[in-house]
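Remarks on the structure that follows.
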Amino acid sequence: MSFPSNLAFVSLLQYAPRGTTPLSQTSRTVTYKVKSDGFIGSTRVIAHAARRVAEHLGAYAFLQECFGPDVTLVPLPRSSPRRAGFLWPAERICAGLFAEGLGREILRCVARTQPVPHASSAAPGQRPNPPDHYASITVRAPRPRAHPNRITLVDDVITRGSSFVGMVPRIQEAFPNAIVRCFALVRTISTGDVDAIFAPTAGTITHRDGLLMRQP
Amino acid sequence: MKEAIVLPLTSIPCRAFTPVDLLGPLNDVEQQHAPATLFVAGDPQILHHGARVAIVGSRKASSQGLARARKLATRLCERAMVVVSGLAEGIDTAAHQAILAAGGRTIAVLGTPLDQVYPKANTALQHQIMRDHLCISQFPAGTPIHRRNFPMRNRTMALLADATVIIEATDTSGSLVQGWEALRLGRGLFIAKSVVEDATVSWPTKMLHYGGQILSDETLDSLFDSLPHRTEADVRGVIPF
């Protein structure tokens, strides 16, 4: 299996898990609310974020590349297999985006069959690499309304981007004619602090010689 | 079930809230097992400041397990986090006592109504938490104590906590109900490394398969990193982006 050596990604928010400023600490709360489909006050954070994507679609070409009425939204699985009824944050984000008219349909076709270590908590040498993601997922009987021309893989948080690099080939096997793009609602800033939480970003994940680097 | 006792609660006011009153809006997954009413004694403001971590485990805990519960409670206190537990004997009691000794804040989630104590040995501890911290029960005063109350309580505790840590538990422990509920809700579930390595229990392997994480000195930061930095602004509704 060959994995993409350069993969573009798009994100909307950013957070600093170990930042010390009040804004960085708030970014942790926002990310927690994304991962738990929670509320701040009476506002559902995922729905608010989806609305922000819709509001800024015209201002950012890279958002237009990811979303639109002809885009099939595919939620990425969590790092572990999921029992029926368990919360699935990426699926919730897809539902929020769909409600804003940013996708044609949600295709829940990717499932995790074996757990991989959490990217955010594993020691540097134990973080899952693209081959681990590729081997631990399956694309199950996709039945889109029509064959999708544009697919956007949707995740809650991007750390190194390993899951995107590992899963894009699986999606391309199932939909060889589709253009596949990658969107994460939150981008991790692993060291230092954030100067804003809302920070629409287009970046690149580089995968060479087994090493991953996300920029920015 | 041991005999419960009725507390003379005349000096401690108890109030009834809905979960939404206390926690804010719930998503549909959270609503599924949320009780209709929560009876509260103490200061509900404890819910509005700092991350909440549940420390749970066996009633008949080992001395090492008790020490781990105390150590974790102390570490959480250093970060101004709130320890949530069930006021049962063993791990729960050790966690509550340690956070109180360290000067931190704690929430007890009871499997009995607020007007009863189980076990009796925790009467003074329950009074202290009701007076100075927060005690929560989903069972109205006078409700008979049944075994089924305790797994219901464990699901409620998972809802109230941002993450759950299981320090020690057998394959039949009520803590496992809480572990599965935390996973269902998408909350962090952390399992002490010592129990993961215990060949006499099989549950850790199952929970690790579905998203549980191993907690050790080396991975403690991942627990802290996963938690929200809760402030009053979360309650007031100032969305920061």
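Lettering and numbering for the structure tokens are positional, with chains as A, B, ... in the shown order, residues counted from 1 in each chain, and ligands counted from 1 in the shown order.
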Residues near Glu105 of chain A, anyone? I mean within 7 Å using only C-alpha atoms, not counting same-chain ones fewer than 4 positions away, as a PyMOL selection string. chain A and resi 72-73+98
Contacts of Gly210 of chain A at 12 Å (only C-alpha atoms; same-chain gap of 6+ positions) as a list in words: Ser2, Phe3, Pro4, Ser5, Gly125, Arg127, Pro128, Asn129, Pro130, Pro131, Asp132, Ser162, Val165 and Gly166 of chain A
Which residues of chain B come within 9 Å of chain A, and for each one, what is the closest pair of atoms and their distance in Å to one decimal, counting only C-alpha atoms, sorted by chain and residue number, as a tab-separated table?
```
residue	atom	partner	partner_atom	distance
B:Gly24	CA	A:Gly41	CA	6.7
B:Pro25	CA	A:Ser42	CA	6.4
B:Leu26	CA	A:Gly38	CA	7.1
B:Asn27	CA	A:Gly38	CA	6.8
B:Val29	CA	A:Leu87	CA	6.7
B:Asp162	CA	A:Tyr32	CA	8.9
B:Glu181	CA	A:Phe86	CA	8.9
B:Leu183	CA	A:Phe86	CA	7.0
B:Arg184	CA	A:Phe86	CA	4.2
B:Leu185	CA	A:Leu87	CA	5.7
B:Gly186	CA	A:Leu87	CA	5.4
B:Arg187	CA	A:Ser36	CA	6.6
B:Leu208	CA	A:Pro115	CA	8.1
B:His209	CA	A:Pro115	CA	5.8
B:Tyr210	CA	A:Ser80	CA	5.2
B:Gly211	CA	A:Ser80	CA	5.1
B:Gly212	CA	A:Ser80	CA	8.7
B:Gln213	CA	A:His118	CA	8.2
B:Glu218	CA	A:Ala123	CA	8.8
B:Thr219	CA	A:Ser121	CA	7.1
B:Asp221	CA	A:Ser121	CA	8.1
B:Ser222	CA	A:Ser121	CA	5.0
B:Leu223	CA	A:Ser121	CA	8.1
B:Asp225	CA	A:Pro17	CA	5.6
B:Ser226	CA	A:Tyr32	CA	7.0
B:Leu227	CA	A:Tyr32	CA	6.6
B:Pro228	CA	A:Thr29	CA	4.1
B:His229	CA	A:Thr29	CA	5.3
B:Arg230	CA	A:Thr29	CA	6.6
B:Thr231	CA	A:Thr26	CA	8.7
B:Ala233	CA	A:Gly41	CA	7.8
B:Asp234	CA	A:Ile40	CA	4.9
B:Val235	CA	A:Gly41	CA	4.8
B:Arg236	CA	A:Gly41	CA	5.3
B:Gly237	CA	A:Gly41	CA	3.3
B:Val238	CA	A:Gly41	CA	6.8
B:Ile239	CA	A:Ile40	CA	6.1
B:Pro240	CA	A:Ile197	CA	7.3
B:Phe241	CA	A:Phe198	CA	5.3
```
Output C-alpha atoms for every residue in that selection, as a PDB file, in the first residue's frame.
```
ATOM      1  CA  GLY B  24     -26.712  23.015  31.310  1.00  0.00           C
ATOM      2  CA  PRO B  25     -28.260  21.483  28.184  1.00  0.00           C
ATOM      3  CA  LEU B  26     -27.618  17.791  27.536  1.00  0.00           C
ATOM      4  CA  ASN B  27     -27.203  16.109  24.168  1.00  0.00           C
ATOM      5  CA  VAL B  29     -26.834  10.561  24.355  1.00  0.00           C
ATOM      6  CA  ASP B 162     -15.685  14.899  32.697  1.00  0.00           C
ATOM      7  CA  GLU B 181     -21.356   4.697  30.522  1.00  0.00           C
ATOM      8  CA  LEU B 183     -17.390   5.409  27.009  1.00  0.00           C
ATOM      9  CA  ARG B 184     -20.953   5.688  25.720  1.00  0.00           C
ATOM     10  CA  LEU B 185     -21.006   9.384  26.549  1.00  0.00           C
ATOM     11  CA  GLY B 186     -17.677   9.956  24.814  1.00  0.00           C
ATOM     12  CA  ARG B 187     -15.990  10.927  28.104  1.00  0.00           C
ATOM     13  CA  LEU B 208      -9.510  -0.841  26.359  1.00  0.00           C
ATOM     14  CA  HIS B 209     -10.831  -2.299  23.100  1.00  0.00           C
ATOM     15  CA  TYR B 210     -13.675   0.228  23.087  1.00  0.00           C
ATOM     16  CA  GLY B 211     -11.682   3.317  23.998  1.00  0.00           C
ATOM     17  CA  GLY B 212     -10.504   3.044  27.593  1.00  0.00           C
ATOM     18  CA  GLN B 213      -6.993   4.313  28.261  1.00  0.00           C
ATOM     19  CA  GLU B 218       3.705   8.265  32.532  1.00  0.00           C
ATOM     20  CA  THR B 219       0.234   8.899  31.080  1.00  0.00           C
ATOM     21  CA  ASP B 221      -0.693  14.220  31.677  1.00  0.00           C
ATOM     22  CA  SER B 222      -2.948  12.750  28.994  1.00  0.00           C
ATOM     23  CA  LEU B 223      -5.753  12.667  31.559  1.00  0.00           C
ATOM     24  CA  ASP B 225      -4.852  17.334  28.803  1.00  0.00           C
ATOM     25  CA  SER B 226      -8.200  15.735  27.982  1.00  0.00           C
ATOM     26  CA  LEU B 227     -10.143  17.797  30.502  1.00  0.00           C
ATOM     27  CA  PRO B 228     -11.919  21.117  30.069  1.00  0.00           C
ATOM     28  CA  HIS B 229     -10.830  24.252  31.860  1.00  0.00           C
ATOM     29  CA  ARG B 230     -14.270  24.963  33.211  1.00  0.00           C
ATOM     30  CA  THR B 231     -15.192  28.496  34.256  1.00  0.00           C
ATOM     31  CA  ALA B 233     -18.223  31.600  31.290  1.00  0.00           C
ATOM     32  CA  ASP B 234     -19.244  28.100  30.184  1.00  0.00           C
ATOM     33  CA  VAL B 235     -22.404  28.515  32.188  1.00  0.00           C
ATOM     34  CA  ARG B 236     -23.105  32.110  31.148  1.00  0.00           C
ATOM     35  CA  GLY B 237     -22.918  31.176  27.508  1.00  0.00           C
ATOM     36  CA  VAL B 238     -20.042  33.200  26.133  1.00  0.00           C
ATOM     37  CA  ILE B 239     -18.974  31.132  23.149  1.00  0.00           C
ATOM     38  CA  PRO B 240     -15.391  32.122  22.378  1.00  0.00           C
ATOM     39  CA  PHE B 241     -15.230  31.863  18.600  1.00  0.00           C
TER      40      PHE B 241
END
```
So which residues touch Leu215 of chain B within 12 Å, counting only C-alpha atoms, skipping near sequence neighbours fewer than 6 positions away, as an MDAnalysis selection string? (chainID A and resid 121:122) or (chainID B and resid 55 68:69 72 163:168 188:197 204 208 221:224)
To one decimal place in Å, what is the distance between atom CA of Val40 of chain B and atom CA of Val53 of chain B?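 Taking atom CA of Val40 of chain B as the start and atom CA of Val53 of chain B as the end point, the length is 18.6 Å.
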Looking only at the backbone, which of the residues in segment 4-192 of chain B does DSSP tag as alpha helix (DSSP H), as a ChimeraX atom specification? /B:19-23,28-33,63-78,91-101,123-132,149-160,175-185
Set the distance at 7 Å and use only C-alpha atoms: which residues neighbour segment 108-110 of chain A once local chain neighbours fewer than 4 positions away are removed? I'd like the list as a VMD selection string. chain A and resid 74 to 77 137 to 142
Dump of N, CA, C and O atoms for the selected residues, as a compact mmCIF listing (two decimals), in the first residue's frame:
```
# COMPACT_ATOMS: atom_id res chain seq x y z
N VAL A 74 -17.96 12.21 4.98
CA VAL A 74 -17.65 10.89 5.55
C VAL A 74 -16.99 11.08 6.91
O VAL A 74 -15.86 11.58 6.99
N PRO A 75 -17.69 10.72 8.00
CA PRO A 75 -17.07 10.88 9.33
C PRO A 75 -16.00 9.82 9.58
O PRO A 75 -16.21 8.63 9.28
N LEU A 76 -14.87 10.26 10.12
CA LEU A 76 -13.82 9.31 10.48
C LEU A 76 -14.17 8.63 11.79
O LEU A 76 -14.74 9.26 12.69
N PRO A 77 -13.82 7.36 11.93
CA PRO A 77 -14.10 6.68 13.20
C PRO A 77 -13.17 7.19 14.30
O PRO A 77 -12.13 7.78 14.02
N ILE A 137 -9.13 -0.23 9.97
CA ILE A 137 -10.46 0.23 9.58
C ILE A 137 -11.00 -0.61 8.42
O ILE A 137 -10.25 -1.31 7.74
N THR A 138 -12.28 -0.49 8.22
CA THR A 138 -12.90 -1.11 7.06
C THR A 138 -13.90 -0.12 6.46
O THR A 138 -14.47 0.70 7.18
N VAL A 139 -14.07 -0.19 5.16
CA VAL A 139 -15.12 0.61 4.51
C VAL A 139 -16.25 -0.35 4.22
O VAL A 139 -16.10 -1.31 3.45
N ARG A 140 -17.38 -0.11 4.89
CA ARG A 140 -18.48 -1.08 4.86
C ARG A 140 -19.54 -0.68 3.85
O ARG A 140 -20.10 0.40 3.96
N ALA A 141 -19.81 -1.54 2.92
CA ALA A 141 -20.95 -1.46 1.98
C ALA A 141 -21.42 -0.04 1.73
O ALA A 141 -22.54 0.31 2.09
N PRO A 142 -20.60 0.79 1.13
CA PRO A 142 -21.07 2.15 0.90
C PRO A 142 -22.21 2.19 -0.11
O PRO A 142 -22.13 1.59 -1.18
```
